[in-house]
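Presented below is the structure to which this report refers.
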Amino acid sequence: MNPKAAQGHSALLPGEPTDTCLPADADTVELTGTVDLVIFHNEENGYTVLRLLSGKSPQGGRAARRLPCSPDAVTCVGHLLKPRGGVQIKLTGRWVNNPRFGRQFVFDAAEEMLPATSESIRLYLSSGLIKGVGEGMAGRIVKLFGDDTIRVLDEEPERLLKVHGIGRKSLDRICGSWAEHRAVRDLMLFLQPHGITPAYAMRIYRAYGVQALEVVRENPYRLAMDIHGIGFVTADAAAHKLGFESGHPLRVQAGTLYVLQKSIDDGNVYLPEEKLLADTGAQLNLEPEFVAEAIASLEGEERIVREEMDGETAAYLSRYYHCESKTASYLQRLIHSPRSVSFADADGTVDKVAGAMSMTLAPEQCNALCTVTRSKIMVLTGGPGTGKTTIINAVIRLFSEHRARILLAAPTGRAAKRMAEACAREACTIHRLLEYSPKEDGFARNEDRPLACGLLVVDESSMMDCLLFYHLLKAVPLGATLVLVGDVHQLPSVGPGNVLADIIASGIVPVVELTEIFRQSAESEIICNAHQINHGTVPSLESNKNRLSDFYFIHQNDPEKAADIMVDLVRNHIPRRFGLNPMDDIQVLTPMHKGAVGAGRMNVLLQDALNPNGLEVRRGERAFRLHDKVMQLRNNYDKDVFNGDLGRIVFMDAAERALSVNFDDRVVPYDFNELDELVPAYAISIHKSQGSEYGAVVIPVMMQHYVLLQRNLIYTGVTRGKKLVVLVGEARALHMAVKNDKTRRRYTRLAKRLNSED
């Protein structure tokens, strides 16, 4: 499909619930018949479009009564694990009128009807259901066993050896195929009443195979731990229907792990045991002694690690305890290992590099260069305009004088691209540097196969979480010098831990903080105001009427009106006055997702303003249109795209149920069933903007966001803008944020571990 030709034409997909795809009859009905043809089937999520021959009128509403009693082909849309032609099924759903595909039956539940007569059994077996059984073999089996064939397959499969053409090898193949088919059927029948959709049933079956039903019945809480997308609440509801009591040990253990994982999602590496007891008890509505027993059991199974330190008992998921403790030992080992690049005349080399760069270094910049010649690890931090990039380039020249192998990396693709442009040499993501393998779900670079370098510079280090930093340290050669560059005053990493801040707090490595704003940068109100905010001073909110500025505050106390102002700024005023492209150069950054000026609502308003027409597909409340700006929500190593990457939809094909997104000149394909990985990105959270820069940023600052109004949040948002920053909202909200430097504590012990091992 030609994307340009598709503009202006809305394509609604078979069975996709949309505002314009309304039910012809709201009643739920049952439809029974034989699968005539499987038109489309996605093996990943079970999404299916099929043609059903219905032999009788279903019971239900007006739409059902209009169906003729004679066999009639009906298009049905829903989820099935392994649909096949010739199989009888009973579907439960509703009739809809799809503007493009006409009248369809959208089903929420499906039950395969086992055939009862010899002829129907023969047709059933010859439909390709069982590997190795074609029409001739199916006929011979049914001729021998008749109406009893299904029972023989279930209970006495050895009797099939009496059928001509079936030997021991083919019997094993038939039995395996039949067992798989029955396992899928039984799993579907079991899961549907428990609120677990066929799309998840496919994931469950792939995880557990023919034992899936047995696994789920025995411990439904495994679903929450093993199957991505099925949370504890869903598994808990299924377990309740299965008769699991509220105090059942499996429930309490799963709930404890759920609360710990939730805390990790909030940025913690561990929880104090007292807090874990209280939070899990509240989540499960149980007394703490039940949780204490669960913690003891999980510790015995080595799924949880408890550690006493400074009078506080911490509870870790085992993986995170291992990462944090090993990170501390790897850092100490690196610090105390001999250098592979030594500087006999450090001062002379620094002077030579400064001369070659035709610049006079400020005292703190000279300090940074001298420090890196003496130290195995250095932290370089500082705000915008203080010359961090200049020092990175000087450090590169310094090590180039000794012909050292130099590697540059950053946590995200955008940050790596900015680093490469600023340093005029290759830089890559940490994942690519460590040669991540999706197939192996691990990194090829580690202690056994370390990186080959004498210098490793990592930019935007404040974005590294504890897991990524652990894997990076494993691969750093012992002789290398490691330079961590970042702005410690920005928001901490999205993932668990507070790595850069912990290393600085430990005091075990030299830290050089650049504070002087250089003349060219000092002319920027963005940079000057960012530093004022960082120091707790509210910048002037009145703009100079006589000249264009790069920093504005628009007063508006009404959130609804503020939203309208932001849309007008992005669509009209900023492009007209500053010559910036609203789709490519302007980004709305919000403190939170919900609310009148939250990312959710702003995306709807901006999408309608900037890209109102075109080919469209809906996923729940989200609409995706050709040419939309979108963001990747989680790391996908197969596609080589990562959490927070921004792109544009450049291709969409409704028939193939596929689209493509351009990420920094690299086109990445997506199936429609993968759209839960994407979100419209006209507005994104300030957290998600870390490591990126935009021509202009527009940021709402409202009292309705008071829970999140913190200095580092506003500072991070403001420092994302290169040419223009516009704040829209309430002056008192900005005052509250700038004065609030009490950032929420993250539970991490890296700093203490580094001190204890010093």
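How things are named: the first chain in the structure tokens is A, the next is B, and so on; residues count from 1 in each chain; ligands count from 1 in the order shown.
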Original post:
If you count only C-alpha atoms, which residues fall within 12 Å of segment 557-559 of chain A, apart from same-chain ones fewer than 5 positions away, as number ranges by chain?
Top reply: A: 564-566, 594-598, 601-602, 700-705, 728-734
DSSP says alpha helix (DSSP H) for which residues of segment 196-229 of chain A? Put them as a PDB file with N, CA, C and O atoms, in the first residue's frame?
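Wrote it out as part.pdb, contents follow:
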ATOM      1  N   PRO A 198      -8.064 -15.342  24.879  1.00  0.00           N
ATOM      2  CA  PRO A 198      -7.325 -16.283  24.026  1.00  0.00           C
ATOM      3  C   PRO A 198      -5.946 -15.774  23.617  1.00  0.00           C
ATOM      4  O   PRO A 198      -5.038 -16.559  23.390  1.00  0.00           O
ATOM      5  N   ALA A 199      -5.783 -14.446  23.513  1.00  0.00           N
ATOM      6  CA  ALA A 199      -4.465 -13.906  23.160  1.00  0.00           C
ATOM      7  C   ALA A 199      -3.438 -14.296  24.221  1.00  0.00           C
ATOM      8  O   ALA A 199      -2.309 -14.670  23.914  1.00  0.00           O
ATOM      9  N   TYR A 200      -3.818 -14.242  25.495  1.00  0.00           N
ATOM     10  CA  TYR A 200      -2.917 -14.662  26.568  1.00  0.00           C
ATOM     11  C   TYR A 200      -2.840 -16.179  26.662  1.00  0.00           C
ATOM     12  O   TYR A 200      -1.817 -16.730  27.075  1.00  0.00           O
ATOM     13  N   ALA A 201      -3.921 -16.850  26.286  1.00  0.00           N
ATOM     14  CA  ALA A 201      -3.900 -18.313  26.303  1.00  0.00           C
ATOM     15  C   ALA A 201      -2.799 -18.848  25.400  1.00  0.00           C
ATOM     16  O   ALA A 201      -2.139 -19.844  25.719  1.00  0.00           O
ATOM     17  N   MET A 202      -2.572 -18.175  24.263  1.00  0.00           N
ATOM     18  CA  MET A 202      -1.502 -18.589  23.357  1.00  0.00           C
ATOM     19  C   MET A 202      -0.145 -18.453  24.048  1.00  0.00           C
ATOM     20  O   MET A 202       0.699 -19.354  23.978  1.00  0.00           O
ATOM     21  N   ARG A 203       0.073 -17.357  24.774  1.00  0.00           N
ATOM     22  CA  ARG A 203       1.332 -17.181  25.491  1.00  0.00           C
ATOM     23  C   ARG A 203       1.493 -18.239  26.578  1.00  0.00           C
ATOM     24  O   ARG A 203       2.588 -18.755  26.807  1.00  0.00           O
ATOM     25  N   ILE A 204       0.391 -18.550  27.255  1.00  0.00           N
ATOM     26  CA  ILE A 204       0.432 -19.553  28.330  1.00  0.00           C
ATOM     27  C   ILE A 204       0.791 -20.916  27.755  1.00  0.00           C
ATOM     28  O   ILE A 204       1.637 -21.632  28.298  1.00  0.00           O
ATOM     29  N   TYR A 205       0.163 -21.264  26.644  1.00  0.00           N
ATOM     30  CA  TYR A 205       0.438 -22.566  26.041  1.00  0.00           C
ATOM     31  C   TYR A 205       1.890 -22.650  25.584  1.00  0.00           C
ATOM     32  O   TYR A 205       2.556 -23.674  25.764  1.00  0.00           O
ATOM     33  N   ARG A 206       2.406 -21.573  25.010  1.00  0.00           N
ATOM     34  CA  ARG A 206       3.798 -21.592  24.554  1.00  0.00           C
ATOM     35  C   ARG A 206       4.764 -21.702  25.721  1.00  0.00           C
ATOM     36  O   ARG A 206       5.847 -22.266  25.590  1.00  0.00           O
ATOM     37  N   ALA A 207       4.389 -21.135  26.860  1.00  0.00           N
ATOM     38  CA  ALA A 207       5.276 -21.180  28.023  1.00  0.00           C
ATOM     39  C   ALA A 207       5.316 -22.566  28.652  1.00  0.00           C
ATOM     40  O   ALA A 207       6.368 -23.041  29.085  1.00  0.00           O
ATOM     41  N   TYR A 208       4.170 -23.234  28.710  1.00  0.00           N
ATOM     42  CA  TYR A 208       4.077 -24.488  29.467  1.00  0.00           C
ATOM     43  C   TYR A 208       3.804 -25.730  28.610  1.00  0.00           C
ATOM     44  O   TYR A 208       3.860 -26.849  29.126  1.00  0.00           O
ATOM     45  N   ALA A 212       0.179 -27.103  30.222  1.00  0.00           N
ATOM     46  CA  ALA A 212      -0.295 -25.767  30.588  1.00  0.00           C
ATOM     47  C   ALA A 212      -1.471 -25.819  31.557  1.00  0.00           C
ATOM     48  O   ALA A 212      -1.477 -25.127  32.582  1.00  0.00           O
ATOM     49  N   LEU A 213      -2.474 -26.620  31.239  1.00  0.00           N
ATOM     50  CA  LEU A 213      -3.661 -26.671  32.094  1.00  0.00           C
ATOM     51  C   LEU A 213      -3.309 -27.164  33.489  1.00  0.00           C
ATOM     52  O   LEU A 213      -3.778 -26.619  34.496  1.00  0.00           O
ATOM     53  N   GLU A 214      -2.477 -28.175  33.559  1.00  0.00           N
ATOM     54  CA  GLU A 214      -2.063 -28.709  34.854  1.00  0.00           C
ATOM     55  C   GLU A 214      -1.306 -27.656  35.666  1.00  0.00           C
ATOM     56  O   GLU A 214      -1.539 -27.501  36.870  1.00  0.00           O
ATOM     57  N   VAL A 215      -0.424 -26.912  35.003  1.00  0.00           N
ATOM     58  CA  VAL A 215       0.354 -25.871  35.686  1.00  0.00           C
ATOM     59  C   VAL A 215      -0.560 -24.791  36.236  1.00  0.00           C
ATOM     60  O   VAL A 215      -0.435 -24.367  37.394  1.00  0.00           O
ATOM     61  N   VAL A 216      -1.511 -24.336  35.411  1.00  0.00           N
ATOM     62  CA  VAL A 216      -2.397 -23.246  35.818  1.00  0.00           C
ATOM     63  C   VAL A 216      -3.307 -23.681  36.958  1.00  0.00           C
ATOM     64  O   VAL A 216      -3.553 -22.915  37.899  1.00  0.00           O
ATOM     65  N   ARG A 217      -3.808 -24.893  36.885  1.00  0.00           N
ATOM     66  CA  ARG A 217      -4.677 -25.383  37.967  1.00  0.00           C
ATOM     67  C   ARG A 217      -3.911 -25.516  39.285  1.00  0.00           C
ATOM     68  O   ARG A 217      -4.424 -25.192  40.349  1.00  0.00           O
ATOM     69  N   GLU A 218      -2.675 -25.991  39.172  1.00  0.00           N
ATOM     70  CA  GLU A 218      -1.884 -26.228  40.376  1.00  0.00           C
ATOM     71  C   GLU A 218      -1.439 -24.926  41.019  1.00  0.00           C
ATOM     72  O   GLU A 218      -1.464 -24.785  42.242  1.00  0.00           O
ATOM     73  N   ARG A 222       1.548 -18.523  38.978  1.00  0.00           N
ATOM     74  CA  ARG A 222       2.690 -18.568  38.069  1.00  0.00           C
ATOM     75  C   ARG A 222       2.440 -17.709  36.837  1.00  0.00           C
ATOM     76  O   ARG A 222       3.381 -17.220  36.207  1.00  0.00           O
ATOM     77  N   LEU A 223       1.166 -17.525  36.484  1.00  0.00           N
ATOM     78  CA  LEU A 223       0.846 -16.702  35.320  1.00  0.00           C
ATOM     79  C   LEU A 223       1.390 -15.288  35.484  1.00  0.00           C
ATOM     80  O   LEU A 223       1.914 -14.695  34.545  1.00  0.00           O
ATOM     81  N   ALA A 224       1.243 -14.744  36.685  1.00  0.00           N
ATOM     82  CA  ALA A 224       1.706 -13.377  36.933  1.00  0.00           C
ATOM     83  C   ALA A 224       3.222 -13.281  36.846  1.00  0.00           C
ATOM     84  O   ALA A 224       3.772 -12.245  36.471  1.00  0.00           O
ATOM     85  N   MET A 225       3.925 -14.364  37.216  1.00  0.00           N
ATOM     86  CA  MET A 225       5.386 -14.339  37.246  1.00  0.00           C
ATOM     87  C   MET A 225       6.010 -14.725  35.904  1.00  0.00           C
ATOM     88  O   MET A 225       7.109 -14.291  35.589  1.00  0.00           O
ATOM     89  N   ASP A 226       5.309 -15.541  35.119  1.00  0.00           N
ATOM     90  CA  ASP A 226       5.910 -16.103  33.908  1.00  0.00           C
ATOM     91  C   ASP A 226       5.407 -15.490  32.610  1.00  0.00           C
ATOM     92  O   ASP A 226       6.102 -15.545  31.599  1.00  0.00           O
TER      93      ASP A 226
END
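Residue nearest Leu52 of chain A within the list A:Phe105, A:Val29, A:Pro591, A:Phe232: A:Phe105 [criterion: smallest interatomic distance, only C-alpha atoms].
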**OP:** In Å, rounded to a single decimal, give me how far atom CA of Lys262 of chain A is from atom CA of Ser297 of chain A.
**Re:**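 Distance reported for this atom pair: 19.8 Å.
If you look at atom CA of Pro680 of chain A and atom CA of Lys629 of chain A, they are 6.0 Å away from each other.
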What parts of segment 368-600 of chain A does DSSP call strand (DSSP E or B)? I'd like the answer as a compact mmCIF listing (two decimals) with N, CA and C atoms, in the first residue's frame.
# COMPACT_ATOMS: atom_id res chain seq x y z
N ILE A 377 38.76 5.71 37.48
CA ILE A 377 37.36 6.07 37.27
C ILE A 377 37.19 7.54 37.65
N MET A 378 36.47 8.30 36.80
CA MET A 378 36.16 9.69 37.12
C MET A 378 34.71 9.96 36.78
N VAL A 379 34.05 10.75 37.64
CA VAL A 379 32.71 11.24 37.34
C VAL A 379 32.82 12.69 36.94
N LEU A 380 32.27 13.03 35.78
CA LEU A 380 32.23 14.40 35.29
C LEU A 380 30.77 14.82 35.25
N THR A 381 30.43 15.81 36.07
CA THR A 381 29.03 16.23 36.13
C THR A 381 28.96 17.75 35.98
N GLY A 382 27.78 18.24 35.67
CA GLY A 382 27.59 19.67 35.48
C GLY A 382 26.33 19.94 34.70
N ILE A 406 39.53 3.76 22.11
CA ILE A 406 38.54 4.58 22.81
C ILE A 406 37.13 4.15 22.40
N LEU A 407 36.25 3.95 23.37
CA LEU A 407 34.86 3.61 23.11
C LEU A 407 33.96 4.65 23.76
N LEU A 408 32.91 5.03 23.04
CA LEU A 408 31.92 5.99 23.54
C LEU A 408 30.55 5.33 23.55
N ALA A 409 29.79 5.54 24.62
CA ALA A 409 28.48 4.90 24.73
C ALA A 409 27.54 5.77 25.54
N ALA A 410 26.24 5.48 25.41
CA ALA A 410 25.19 6.15 26.17
C ALA A 410 24.04 5.16 26.35
N CYS A 428 27.70 4.42 20.55
CA CYS A 428 26.59 3.48 20.43
C CYS A 428 25.89 3.32 21.78
N THR A 429 24.74 2.65 21.74
CA THR A 429 24.05 2.35 22.99
C THR A 429 24.86 1.33 23.79
N TYR A 436 24.27 -7.23 22.93
CA TYR A 436 23.12 -7.96 23.46
C TYR A 436 22.55 -8.90 22.41
N SER A 437 22.21 -10.12 22.83
CA SER A 437 21.63 -11.12 21.93
C SER A 437 20.21 -11.44 22.38
N GLY A 442 20.92 -12.20 26.64
CA GLY A 442 22.08 -11.86 27.45
C GLY A 442 23.10 -11.10 26.62
N PHE A 443 24.18 -10.68 27.28
CA PHE A 443 25.23 -9.90 26.64
C PHE A 443 26.42 -10.78 26.31
N LEU A 455 40.04 3.38 27.12
CA LEU A 455 39.18 4.43 27.66
C LEU A 455 37.75 4.15 27.26
N LEU A 456 36.85 4.22 28.24
CA LEU A 456 35.42 4.10 27.98
C LEU A 456 34.74 5.33 28.57
N VAL A 457 34.04 6.09 27.73
CA VAL A 457 33.30 7.27 28.17
C VAL A 457 31.81 6.99 28.01
N VAL A 458 31.07 7.12 29.11
CA VAL A 458 29.62 6.89 29.08
C VAL A 458 28.91 8.19 29.38
N THR A 481 40.35 2.98 31.67
CA THR A 481 39.87 4.15 32.42
C THR A 481 38.40 4.37 32.07
N LEU A 482 37.57 4.54 33.09
CA LEU A 482 36.13 4.72 32.89
C LEU A 482 35.76 6.14 33.29
N VAL A 483 35.14 6.87 32.36
CA VAL A 483 34.67 8.22 32.63
C VAL A 483 33.14 8.23 32.53
N LEU A 484 32.49 8.56 33.64
CA LEU A 484 31.03 8.63 33.69
C LEU A 484 30.63 10.10 33.63
N VAL A 485 29.88 10.46 32.59
CA VAL A 485 29.48 11.85 32.36
C VAL A 485 27.97 11.96 32.55
N GLY A 486 27.53 12.95 33.29
CA GLY A 486 26.10 13.12 33.46
C GLY A 486 25.78 14.32 34.33
N VAL A 511 35.27 13.19 41.72
CA VAL A 511 34.13 13.80 41.02
C VAL A 511 34.51 15.23 40.65
N VAL A 512 34.38 15.57 39.39
CA VAL A 512 34.63 16.93 38.93
C VAL A 512 33.30 17.51 38.48
N GLU A 513 32.86 18.55 39.18
CA GLU A 513 31.59 19.20 38.81
C GLU A 513 31.91 20.53 38.14
N LEU A 514 31.44 20.67 36.90
CA LEU A 514 31.62 21.92 36.16
C LEU A 514 30.48 22.86 36.51
N PHE A 551 12.96 31.65 26.34
CA PHE A 551 12.30 31.12 27.55
C PHE A 551 11.08 31.99 27.86
N TYR A 552 9.90 31.35 27.96
CA TYR A 552 8.66 32.07 28.23
C TYR A 552 7.84 31.35 29.29
N PHE A 553 7.09 32.13 30.06
CA PHE A 553 6.09 31.56 30.98
C PHE A 553 4.74 32.21 30.65
N ILE A 554 3.74 31.38 30.35
CA ILE A 554 2.40 31.87 30.04
C ILE A 554 1.50 31.55 31.22
N HIS A 555 0.96 32.57 31.83
CA HIS A 555 0.12 32.40 33.02
C HIS A 555 -1.27 31.89 32.62
N ILE A 586 9.10 20.27 17.86
CA ILE A 586 8.42 20.72 19.08
C ILE A 586 7.91 19.51 19.86
N GLN A 587 8.19 19.50 21.16
CA GLN A 587 7.76 18.38 21.99
C GLN A 587 7.07 18.90 23.25
N VAL A 588 5.89 18.38 23.52
CA VAL A 588 5.20 18.68 24.77
C VAL A 588 5.69 17.68 25.82
N LEU A 589 6.13 18.19 26.97
CA LEU A 589 6.59 17.36 28.08
C LEU A 589 5.68 17.61 29.28
N THR A 590 5.16 16.55 29.87
CA THR A 590 4.24 16.73 30.99
C THR A 590 4.74 16.00 32.23
Subject >> Polymer residues at most 10 Å from Gly247 of chain A, only C-alpha atoms, same-chain spacing of 4 or more positions, as a list in words >> reply: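 My list of contacting residues is Arg251, Val252, Gln253, Leu284, Asn285, Leu286, Glu287, Phe290 and Val291 of chain A.
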Just C-alpha atoms for this one: save the residues we selected as a CSV table (one decimal), in the first residue's frame.
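And here's out-v9.csv as it stands now:
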chain,number,residue,atom,x,y,z
A,251,ARG,CA,-1.1,-16.5,47.1
A,252,VAL,CA,0.9,-14.8,49.9
A,253,GLN,CA,4.2,-15.7,48.2
A,284,LEU,CA,-3.6,-8.9,50.2
A,285,ASN,CA,-5.7,-7.7,53.2
A,286,LEU,CA,-3.8,-10.1,55.5
A,287,GLU,CA,-2.0,-9.9,58.8
A,290,PHE,CA,1.2,-14.5,56.9
A,291,VAL,CA,3.6,-12.3,54.9
Subject >> Shortest interatomic distance to Glu523 of chain A - which of A:Val350, A:Tyr706, A:Lys439, A:Lys723, counting only C-alpha atoms >> reply: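 So, comparing all the options, the nearest one is A:Lys723.
Going from atom CA of Pro510 of chain A to atom CA of Asn755 of chain A covers 13.9 Å.
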Original post:
A:Leu580, A:Ile264, A:Met309, A:Met736: which is nearest Lys752 of chain A, counting only C-alpha atoms?
Top reply: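 Ranking A:Leu580, A:Ile264, A:Met309, A:Met736 by distance to Lys752 of chain A, first place goes to A:Met309.
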Original post:
Using only C-alpha atoms, which residues sit within 10 Å of segment 461-466 of chain A once same-chain residues fewer than 6 positions away are excluded, as a PyMOL selection string?
Top reply: chain A and resi 267-269+320+323-324+327+379-381+409-412+430+472+483-501+687+690-691+748+750
Store the residues of this selection in a file with N, CA, C and O atoms, as a short mmCIF file (atom, residue, chain, number, x, y, z; two decimals), in the first residue's frame.
data_model
loop_
_atom_site.label_atom_id
_atom_site.label_comp_id
_atom_site.auth_asym_id
_atom_site.auth_seq_id
_atom_site.Cartn_x
_atom_site.Cartn_y
_atom_site.Cartn_z
N GLY A 267 11.58 2.28 41.06
CA GLY A 267 12.95 2.75 41.13
C GLY A 267 13.77 2.21 42.28
O GLY A 267 14.96 2.50 42.39
N ASN A 268 13.16 1.42 43.17
CA ASN A 268 13.89 0.87 44.31
C ASN A 268 14.64 -0.39 43.92
O ASN A 268 14.24 -1.12 43.01
N VAL A 269 15.73 -0.68 44.65
CA VAL A 269 16.45 -1.93 44.45
C VAL A 269 16.02 -2.96 45.49
O VAL A 269 16.06 -4.15 45.25
N TYR A 320 18.41 -8.72 42.04
CA TYR A 320 18.86 -7.35 42.31
C TYR A 320 19.88 -7.30 43.43
O TYR A 320 20.77 -6.43 43.43
N CYS A 323 23.07 -8.19 41.62
CA CYS A 323 23.57 -7.08 40.80
C CYS A 323 24.18 -5.99 41.65
O CYS A 323 25.28 -5.49 41.33
N GLU A 324 23.52 -5.59 42.73
CA GLU A 324 24.04 -4.49 43.53
C GLU A 324 25.33 -4.87 44.24
O GLU A 324 26.30 -4.11 44.25
N THR A 327 28.14 -5.24 41.67
CA THR A 327 28.52 -3.93 41.13
C THR A 327 29.55 -3.27 42.03
O THR A 327 30.56 -2.71 41.56
N VAL A 379 34.05 10.75 37.64
CA VAL A 379 32.71 11.24 37.34
C VAL A 379 32.82 12.69 36.94
O VAL A 379 33.41 13.51 37.66
N LEU A 380 32.27 13.03 35.78
CA LEU A 380 32.23 14.40 35.29
C LEU A 380 30.77 14.82 35.25
O LEU A 380 29.96 14.24 34.51
N THR A 381 30.43 15.81 36.07
CA THR A 381 29.03 16.23 36.13
C THR A 381 28.96 17.75 35.98
O THR A 381 29.96 18.46 36.15
N ALA A 409 29.79 5.54 24.62
CA ALA A 409 28.48 4.90 24.73
C ALA A 409 27.54 5.77 25.54
O ALA A 409 27.95 6.66 26.29
N ALA A 410 26.24 5.48 25.41
CA ALA A 410 25.19 6.15 26.17
C ALA A 410 24.04 5.16 26.35
O ALA A 410 23.92 4.19 25.59
N PRO A 411 23.18 5.39 27.34
CA PRO A 411 22.10 4.42 27.59
C PRO A 411 21.05 4.32 26.49
O PRO A 411 20.44 3.28 26.31
N THR A 412 20.79 5.41 25.75
CA THR A 412 19.73 5.40 24.74
C THR A 412 20.29 5.73 23.37
O THR A 412 21.37 6.32 23.23
N ILE A 430 24.64 1.31 25.09
CA ILE A 430 25.35 0.35 25.93
C ILE A 430 24.96 -1.07 25.53
O ILE A 430 25.81 -1.98 25.54
N LEU A 472 27.51 -3.55 32.37
CA LEU A 472 28.59 -2.75 31.78
C LEU A 472 29.90 -3.00 32.52
O LEU A 472 30.94 -3.25 31.90
N VAL A 483 35.14 6.87 32.36
CA VAL A 483 34.67 8.22 32.63
C VAL A 483 33.14 8.23 32.53
O VAL A 483 32.58 7.92 31.46
N LEU A 484 32.49 8.56 33.64
CA LEU A 484 31.03 8.63 33.69
C LEU A 484 30.63 10.10 33.63
O LEU A 484 30.99 10.89 34.51
N VAL A 485 29.88 10.46 32.59
CA VAL A 485 29.48 11.85 32.36
C VAL A 485 27.97 11.96 32.55
O VAL A 485 27.21 11.13 32.03
N GLY A 486 27.53 12.95 33.29
CA GLY A 486 26.10 13.12 33.46
C GLY A 486 25.78 14.32 34.33
O GLY A 486 26.67 14.92 34.93
N ASP A 487 24.51 14.64 34.38
CA ASP A 487 24.03 15.75 35.21
C ASP A 487 23.29 15.14 36.39
O ASP A 487 22.16 14.68 36.26
N VAL A 488 23.92 15.11 37.53
CA VAL A 488 23.37 14.43 38.70
C VAL A 488 22.11 15.11 39.22
O VAL A 488 21.36 14.53 40.00
N HIS A 489 21.86 16.34 38.78
CA HIS A 489 20.68 17.07 39.25
C HIS A 489 19.43 16.74 38.45
O HIS A 489 18.34 17.21 38.79
N GLN A 490 19.58 15.97 37.38
CA GLN A 490 18.41 15.54 36.62
C GLN A 490 17.69 14.43 37.37
O GLN A 490 18.14 13.94 38.40
N LEU A 491 16.55 14.02 36.81
CA LEU A 491 15.80 12.90 37.38
C LEU A 491 16.66 11.64 37.37
O LEU A 491 17.49 11.45 36.48
N PRO A 492 16.46 10.75 38.34
CA PRO A 492 17.19 9.48 38.31
C PRO A 492 16.68 8.58 37.20
O PRO A 492 15.70 8.89 36.52
N SER A 493 17.33 7.44 37.03
CA SER A 493 16.98 6.50 35.96
C SER A 493 15.53 6.04 36.09
O SER A 493 14.96 6.00 37.19
N VAL A 494 14.94 5.68 34.94
CA VAL A 494 13.59 5.13 34.96
C VAL A 494 13.61 3.77 35.66
O VAL A 494 12.71 3.42 36.41
N GLY A 495 14.67 2.99 35.43
CA GLY A 495 14.81 1.68 36.06
C GLY A 495 15.30 1.80 37.50
O GLY A 495 15.57 2.90 38.00
N PRO A 496 15.46 0.67 38.20
CA PRO A 496 15.80 0.69 39.62
C PRO A 496 17.21 1.19 39.88
O PRO A 496 18.13 1.00 39.10
N GLY A 497 17.37 1.84 41.02
CA GLY A 497 18.67 2.31 41.45
C GLY A 497 18.87 3.80 41.23
O GLY A 497 18.02 4.49 40.65
N ASN A 498 19.98 4.29 41.71
CA ASN A 498 20.36 5.69 41.55
C ASN A 498 21.88 5.73 41.40
O ASN A 498 22.61 6.29 42.22
N VAL A 499 22.35 5.08 40.35
CA VAL A 499 23.75 4.71 40.20
C VAL A 499 24.70 5.90 40.30
O VAL A 499 25.64 5.90 41.10
N LEU A 500 24.49 6.91 39.47
CA LEU A 500 25.44 8.03 39.44
C LEU A 500 25.47 8.75 40.79
O LEU A 500 26.55 9.05 41.31
N ALA A 501 24.31 9.00 41.35
CA ALA A 501 24.25 9.68 42.65
C ALA A 501 24.90 8.85 43.74
O ALA A 501 25.59 9.38 44.63
N HIS A 687 9.98 12.28 32.46
CA HIS A 687 10.86 11.13 32.71
C HIS A 687 11.32 10.49 31.40
O HIS A 687 12.49 10.14 31.25
N GLN A 690 14.34 12.05 29.15
CA GLN A 690 15.75 12.08 29.55
C GLN A 690 16.66 11.56 28.43
O GLN A 690 16.34 10.59 27.75
N GLY A 691 17.78 12.22 28.27
CA GLY A 691 18.74 11.82 27.25
C GLY A 691 18.43 12.38 25.88
O GLY A 691 19.19 12.16 24.94
N THR A 748 18.32 1.92 47.99
CA THR A 748 19.50 1.34 47.36
C THR A 748 20.65 1.39 48.34
O THR A 748 20.75 2.33 49.14
N LEU A 750 24.01 0.81 47.27
CA LEU A 750 25.26 0.80 46.52
C LEU A 750 26.31 1.69 47.19
O LEU A 750 27.47 1.29 47.33
#
Subject >> Given only C-alpha atoms as the counted atoms, nearest of A:Ile504, A:Ala179, A:Met583, A:Leu727 to Gln607 of chain A >> reply: A:Met583
Original post:
Which residues come within 12 Å of Gly134 of chain A, counting only C-alpha atoms, excluding same-chain residues fewer than 4 positions away, as a list in words?
Top reply: Arg122, Leu123, Tyr124, Leu125, Ser126, Ser127, Gly128, Leu129, Ile130, Ala138, Gly139, Arg140, Ile141, Gly165 and Ile174 of chain A
Original post:
Which polymer residues have any atom within 12 Å of an atom of Pro477 of chain A, counting only C-alpha atoms, with same-chain residues fewer than 4 positions away left out, as an NGL selection string?
Top reply: :A and (330-331 or 333-335 or 337-340 or 376 or 405 or 407 or 445-456 or 472-473 or 481-482)
**OP:** Name the residues in contact with Arg622 of chain A at a cut-off of 10 Å, using only C-alpha atoms, excluding same-chain residues fewer than 4 positions from it; report them as a ChimeraX atom specification.
**Re:** /A:18,600,603-604,617-618,675-676,678-680
